[in-house]
Each structure stands twice: as C-alpha cells, then as structure tokens.
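Listing of protein.pdb; format and content: PDB, C-alpha atoms, pLDDT in the B column.
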ATOM      1  CA  MET X1321       0.000   0.000   0.000  1.00 51.00           C
ATOM      2  CA  ASP X1322       1.492   3.183  -1.123  1.00 64.00           C
ATOM      3  CA  ILE X1323       0.785   6.493   0.485  1.00 73.00           C
ATOM      4  CA  ASN X1324       0.270   8.894  -2.259  1.00 84.00           C
ATOM      5  CA  VAL X1325      -0.856  12.495  -2.551  1.00 85.00           C
ATOM      6  CA  THR X1326      -4.490  11.561  -2.941  1.00 87.00           C
ATOM      7  CA  LEU X1327      -4.545   9.901   0.393  1.00 87.00           C
ATOM      8  CA  ILE X1328      -2.887  12.901   2.034  1.00 88.00           C
ATOM      9  CA  GLY X1329      -5.347  15.222   0.302  1.00 90.00           C
ATOM     10  CA  GLN X1330      -8.260  13.130   1.523  1.00 92.00           C
ATOM     11  CA  MET X1331      -6.855  13.185   5.038  1.00 93.00           C
ATOM     12  CA  ILE X1332      -6.503  16.983   4.917  1.00 95.00           C
ATOM     13  CA  ALA X1333     -10.009  17.310   3.497  1.00 96.00           C
ATOM     14  CA  PHE X1334     -11.364  14.987   6.203  1.00 96.00           C
ATOM     15  CA  ALA X1335      -9.550  16.943   8.924  1.00 97.00           C
ATOM     16  CA  LEU X1336     -10.958  20.223   7.538  1.00 96.00           C
ATOM     17  CA  PHE X1337     -14.419  18.630   7.423  1.00 96.00           C
ATOM     18  CA  VAL X1338     -14.116  17.460  11.035  1.00 95.00           C
ATOM     19  CA  TRP X1339     -12.837  20.890  12.134  1.00 96.00           C
ATOM     20  CA  PHE X1340     -15.655  22.665  10.240  1.00 95.00           C
ATOM     21  CA  THR X1341     -18.243  20.296  11.688  1.00 94.00           C
ATOM     22  CA  MET X1342     -16.864  20.689  15.215  1.00 93.00           C
ATOM     23  CA  LYS X1343     -16.716  24.475  14.895  1.00 94.00           C
ATOM     24  CA  PHE X1344     -19.962  25.305  13.084  1.00 94.00           C
ATOM     25  CA  VAL X1345     -22.290  22.301  12.844  1.00 92.00           C
ATOM     26  CA  TRP X1346     -21.828  20.455  16.128  1.00 93.00           C
ATOM     27  CA  PRO X1347     -22.567  23.365  18.577  1.00 94.00           C
ATOM     28  CA  PRO X1348     -26.099  24.058  17.190  1.00 94.00           C
ATOM     29  CA  ILE X1349     -26.848  20.327  17.186  1.00 93.00           C
ATOM     30  CA  THR X1350     -25.669  19.877  20.789  1.00 94.00           C
ATOM     31  CA  SER X1351     -27.514  23.013  21.910  1.00 94.00           C
ATOM     32  CA  ALA X1352     -30.672  21.772  20.168  1.00 95.00           C
ATOM     33  CA  MET X1353     -30.259  18.391  21.857  1.00 96.00           C
ATOM     34  CA  ALA X1354     -29.698  20.040  25.241  1.00 96.00           C
ATOM     35  CA  GLU X1355     -32.703  22.302  24.685  1.00 96.00           C
ATOM     36  CA  ARG X1356     -34.845  19.318  23.713  1.00 96.00           C
ATOM     37  CA  GLN X1357     -33.569  17.394  26.730  1.00 96.00           C
ATOM     38  CA  GLN X1358     -34.468  20.371  28.965  1.00 96.00           C
ATOM     39  CA  LYS X1359     -37.963  20.594  27.400  1.00 96.00           C
ATOM     40  CA  ILE X1360     -38.526  16.884  28.017  1.00 96.00           C
ATOM     41  CA  ALA X1361     -37.340  17.230  31.622  1.00 95.00           C
ATOM     42  CA  ASP X1362     -39.575  20.270  32.121  1.00 95.00           C
ATOM     43  CA  GLY X1363     -42.518  18.391  30.610  1.00 94.00           C
ATOM     44  CA  LEU X1364     -41.969  15.424  32.926  1.00 95.00           C
ATOM     45  CA  ALA X1365     -41.649  17.754  35.921  1.00 95.00           C
ATOM     46  CA  ALA X1366     -44.843  19.556  34.874  1.00 95.00           C
ATOM     47  CA  ALA X1367     -46.617  16.200  34.502  1.00 95.00           C
ATOM     48  CA  ASP X1368     -45.478  15.163  37.985  1.00 94.00           C
ATOM     49  CA  LYS X1369     -46.551  18.528  39.392  1.00 95.00           C
ATOM     50  CA  GLY X1370     -49.899  18.195  37.627  1.00 95.00           C
ATOM     51  CA  ALA X1371     -50.412  14.737  39.097  1.00 94.00           C
ATOM     52  CA  ARG X1372     -49.587  16.035  42.585  1.00 95.00           C
ATOM     53  CA  ASP X1373     -51.909  19.021  42.094  1.00 95.00           C
ATOM     54  CA  LEU X1374     -54.638  16.668  40.912  1.00 95.00           C
ATOM     55  CA  GLN X1375     -54.202  14.506  44.010  1.00 95.00           C
ATOM     56  CA  GLU X1376     -54.243  17.592  46.258  1.00 95.00           C
ATOM     57  CA  ALA X1377     -57.369  18.905  44.508  1.00 95.00           C
ATOM     58  CA  ALA X1378     -59.063  15.517  44.921  1.00 94.00           C
ATOM     59  CA  ALA X1379     -58.122  15.480  48.608  1.00 94.00           C
ATOM     60  CA  LYS X1380     -59.451  19.035  49.055  1.00 95.00           C
ATOM     61  CA  ALA X1381     -62.655  18.103  47.223  1.00 95.00           C
ATOM     62  CA  ASP X1382     -63.114  15.061  49.468  1.00 95.00           C
ATOM     63  CA  GLU X1383     -62.484  17.221  52.526  1.00 95.00           C
ATOM     64  CA  ALA X1384     -64.962  19.852  51.334  1.00 95.00           C
ATOM     65  CA  LEU X1385     -67.519  17.129  50.622  1.00 95.00           C
ATOM     66  CA  GLN X1386     -67.009  15.636  54.081  1.00 95.00           C
ATOM     67  CA  GLN X1387     -67.372  19.079  55.657  1.00 95.00           C
ATOM     68  CA  ALA X1388     -70.563  19.720  53.671  1.00 96.00           C
ATOM     69  CA  ARG X1389     -71.953  16.364  54.826  1.00 95.00           C
ATOM     70  CA  GLU X1390     -71.126  17.215  58.435  1.00 95.00           C
ATOM     71  CA  GLU X1391     -72.820  20.614  58.107  1.00 95.00           C
ATOM     72  CA  ALA X1392     -75.859  18.905  56.566  1.00 95.00           C
ATOM     73  CA  ARG X1393     -75.980  16.478  59.501  1.00 95.00           C
ATOM     74  CA  GLU X1394     -75.787  19.398  61.940  1.00 95.00           C
ATOM     75  CA  ILE X1395     -78.562  21.257  60.108  1.00 95.00           C
ATOM     76  CA  ILE X1396     -80.763  18.148  60.098  1.00 95.00           C
ATOM     77  CA  ALA X1397     -80.088  17.532  63.787  1.00 94.00           C
ATOM     78  CA  GLY X1398     -80.937  21.174  64.563  1.00 94.00           C
ATOM     79  CA  ALA X1399     -84.142  20.916  62.559  1.00 94.00           C
ATOM     80  CA  ASN X1400     -85.091  17.724  64.406  1.00 95.00           C
ATOM     81  CA  ARG X1401     -84.402  19.396  67.764  1.00 94.00           C
ATOM     82  CA  GLN X1402     -86.460  22.406  66.740  1.00 95.00           C
ATOM     83  CA  ALA X1403     -89.319  20.176  65.535  1.00 94.00           C
ATOM     84  CA  THR X1404     -89.260  18.269  68.817  1.00 94.00           C
ATOM     85  CA  GLN X1405     -89.276  21.536  70.747  1.00 94.00           C
ATOM     86  CA  ILE X1406     -92.230  22.838  68.706  1.00 94.00           C
ATOM     87  CA  VAL X1407     -94.150  19.597  69.305  1.00 94.00           C
ATOM     88  CA  GLU X1408     -93.430  19.786  73.048  1.00 94.00           C
ATOM     89  CA  GLU X1409     -94.507  23.442  73.166  1.00 93.00           C
ATOM     90  CA  ALA X1410     -97.716  22.594  71.291  1.00 93.00           C
ATOM     91  CA  ARG X1411     -98.331  19.682  73.643  1.00 94.00           C
ATOM     92  CA  ALA X1412     -97.801  21.928  76.676  1.00 92.00           C
ATOM     93  CA  ALA X1413    -100.088  24.607  75.210  1.00 92.00           C
ATOM     94  CA  ALA X1414    -102.773  21.988  74.501  1.00 93.00           C
ATOM     95  CA  GLN X1415    -102.453  20.625  78.055  1.00 93.00           C
ATOM     96  CA  SER X1416    -102.765  24.103  79.584  1.00 93.00           C
ATOM     97  CA  GLU X1417    -105.770  24.849  77.357  1.00 92.00           C
ATOM     98  CA  SER X1418    -107.312  21.527  78.420  1.00 93.00           C
ATOM     99  CA  ASP X1419    -106.725  22.363  82.081  1.00 92.00           C
ATOM    100  CA  ARG X1420    -108.264  25.805  81.583  1.00 92.00           C
ATOM    101  CA  ILE X1421    -111.358  24.339  79.888  1.00 93.00           C
ATOM    102  CA  LYS X1422    -111.681  21.709  82.642  1.00 93.00           C
ATOM    103  CA  GLY X1423    -111.414  24.458  85.244  1.00 92.00           C
ATOM    104  CA  GLN X1424    -114.140  26.481  83.556  1.00 93.00           C
ATOM    105  CA  ALA X1425    -116.374  23.429  83.272  1.00 91.00           C
ATOM    106  CA  GLN X1426    -115.810  22.593  86.967  1.00 92.00           C
ATOM    107  CA  ALA X1427    -116.620  26.181  87.912  1.00 90.00           C
ATOM    108  CA  GLU X1428    -119.832  26.023  85.884  1.00 92.00           C
ATOM    109  CA  ILE X1429    -120.718  22.689  87.519  1.00 93.00           C
ATOM    110  CA  ASP X1430    -120.039  24.113  90.987  1.00 91.00           C
ATOM    111  CA  GLN X1431    -122.162  27.171  90.190  1.00 92.00           C
ATOM    112  CA  SER X1432    -125.001  24.974  88.886  1.00 91.00           C
ATOM    113  CA  ILE X1433    -124.818  22.824  92.042  1.00 91.00           C
ATOM    114  CA  ALA X1434    -124.921  25.926  94.241  1.00 89.00           C
ATOM    115  CA  SER X1435    -127.888  27.395  92.375  1.00 89.00           C
ATOM    116  CA  ALA X1436    -129.701  24.012  92.479  1.00 88.00           C
ATOM    117  CA  ARG X1437    -129.099  23.793  96.252  1.00 84.00           C
ATOM    118  CA  GLU X1438    -130.373  27.314  96.721  1.00 84.00           C
ATOM    119  CA  ALA X1439    -133.499  26.528  94.675  1.00 85.00           C
ATOM    120  CA  LEU X1440    -133.967  23.308  96.667  1.00 84.00           C
ATOM    121  CA  ARG X1441    -133.660  25.233  99.943  1.00 80.00           C
ATOM    122  CA  LYS X1442    -136.311  27.681  98.818  1.00 80.00           C
ATOM    123  CA  ASP X1443    -138.614  24.831  97.772  1.00 81.00           C
ATOM    124  CA  VAL X1444    -138.025  23.000 101.072  1.00 78.00           C
ATOM    125  CA  ALA X1445    -138.671  26.207 102.997  1.00 75.00           C
ATOM    126  CA  ALA X1446    -141.928  26.724 101.106  1.00 77.00           C
ATOM    127  CA  LEU X1447    -142.920  23.105 101.771  1.00 78.00           C
ATOM    128  CA  ALA X1448    -142.028  23.454 105.432  1.00 75.00           C
ATOM    129  CA  ILE X1449    -144.173  26.558 105.736  1.00 74.00           C
ATOM    130  CA  THR X1450    -147.059  24.849 103.958  1.00 76.00           C
ATOM    131  CA  GLY X1451    -146.699  21.791 106.183  1.00 73.00           C
ATOM    132  CA  ALA X1452    -146.548  23.910 109.327  1.00 71.00           C
ATOM    133  CA  GLU X1453    -149.664  25.823 108.245  1.00 70.00           C
ATOM    134  CA  LYS X1454    -151.551  22.622 107.806  1.00 69.00           C
ATOM    135  CA  ILE X1455    -150.345  21.251 111.109  1.00 70.00           C
ATOM    136  CA  LEU X1456    -151.121  24.427 113.029  1.00 69.00           C
ATOM    137  CA  GLY X1457    -154.239  25.145 111.078  1.00 57.00           C
ATOM    138  CA  ARG X1458    -153.465  28.745 110.507  1.00 56.00           C
ATOM    139  CA  GLU X1459    -151.437  30.820 108.153  1.00 59.00           C
ATOM    140  CA  ILE X1460    -147.770  31.507 108.919  1.00 60.00           C
ATOM    141  CA  ASP X1461    -146.264  34.688 107.587  1.00 62.00           C
ATOM    142  CA  GLY X1462    -143.036  33.775 105.714  1.00 60.00           C
ATOM    143  CA  LYS X1463    -141.670  37.287 106.022  1.00 61.00           C
ATOM    144  CA  ALA X1464    -142.256  37.486 109.706  1.00 59.00           C
ATOM    145  CA  HIS X1465    -140.663  34.162 110.434  1.00 62.00           C
ATOM    146  CA  SER X1466    -137.895  34.386 107.817  1.00 67.00           C
ATOM    147  CA  ASP X1467    -135.080  33.835 110.299  1.00 68.00           C
ATOM    148  CA  ILE X1468    -136.627  30.557 111.458  1.00 66.00           C
ATOM    149  CA  VAL X1469    -137.231  29.481 107.865  1.00 65.00           C
ATOM    150  CA  ASP X1470    -133.634  30.398 106.889  1.00 69.00           C
ATOM    151  CA  ARG X1471    -132.237  28.327 109.771  1.00 68.00           C
ATOM    152  CA  LEU X1472    -134.425  25.437 108.812  1.00 64.00           C
ATOM    153  CA  ALA X1473    -133.328  25.671 105.138  1.00 63.00           C
ATOM    154  CA  ALA X1474    -129.688  25.836 106.201  1.00 67.00           C
ATOM    155  CA  GLN X1475    -130.060  22.679 108.244  1.00 65.00           C
ATOM    156  CA  ILE X1476    -131.636  20.864 105.329  1.00 60.00           C
TER     157      ILE X1476
END
As structure tokens, what does this structure read like?
Amino acid sequence: MDINVTLIGQMIAFALFVWFTMKFVWPPITSAMAERQQKIADGLAAADKGARDLQEAAAKADEALQQAREEAREIIAGANRQATQIVEEARAAAQSESDRIKGQAQAEIDQSIASAREALRKDVAALAITGAEKILGREIDGKAHSDIVDRLAAQI
C-alpha cells in the first residue's frame, strides 16, 4: 500500500471537514439536543406537578364534601331538635288549654250545684211553711218568720 498524494489530500479534506463540523455544525446540534432534553425534563416535571396538584385537589374536594356532609348532619339535627321543641310546646299549650277548659267546666258545675241547692232550699222552705200551716191550722207569715225558715233551710 502506497501512500500517495491523494490519500494525504483526503486526510486533509477529512480533517478540515471534522474541524468545520466541530466548529460550526456540532454546537447548534448539541444546543438543540440540550434544549430538547431540557424541554422533556420540564414536561416530565410539569406532569409530575400536575399529578400532585390533581391529588391535592381531589383530597381538598373530598375534605370539602365531608365538611358539607357534616354541616348537613348538623342542620338536620338542629331541625329535628327544633321540631321536637315545637311539638313539646304545642303539647304543653294543649295541656294548659285543656286544664283551663276543665277548670271552667268545673266552675260552671259548681255554680249549677250551688244554684240548684239554693233553689232546693227555697222549695223546702216553702214546703215546710205549707206543712206547718196545715199542722197548726193557721197561716204563717213567711216574712215574719224568715229567720226561722232560713235556719231550717240551712239545716236541710
């Protein structure tokens, strides 16, 4: 194998090509590769951050839902307590109204009994006077002997 000028020329041309490529072509390619690598890394980091944010948002949504359920339970419990209180108040009002009506009815009964007794006393007094008149055979003046008749009616 002979080394001739062509081989030396090709070696010089190859060396110039390598130098030119290293000086002008390789830096933009490596910077483009580094930029692409950085974009991929940023994309992966953003995807990870998005996944974490999604998990945090889901946790916050679950927490908000749990809090809303708890508030709903409290509202329902308050409404039940209020309904029970209203029923008890209505029951107490109905009982007091019933007691009042019973009291009025008892008062009316007592008044009717008293008026019936008074009427009975007057009737008994009149009968006693009539009976005494018949026994004595003369007329007795009810006005004149009213104190005796009143005592007799009171005893009866």
Provide the atom CA of X:Lys1369 to atom CA of X:Ala1388 distance in Å, to one decimal place.
28.0 Å
In Å to one decimal, how far is atom CA of X:Pro1347 from atom CA of X:Ala1335?
17.4 Å
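Between atom CA of X:Glu1391 and atom CA of X:Arg1372 the interatomic distance comes to 28.3 Å.
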Padding 3 Å on every side, please: axis-aligned box over the listed atoms of stretch 1442-1455 of chain X, centre and edge lengths to one decimal in Å, as JSON.
{"center_x": -143.9, "center_y": 24.5, "center_z": 104.4, "size_x": 21.2, "size_y": 12.4, "size_z": 19.3}
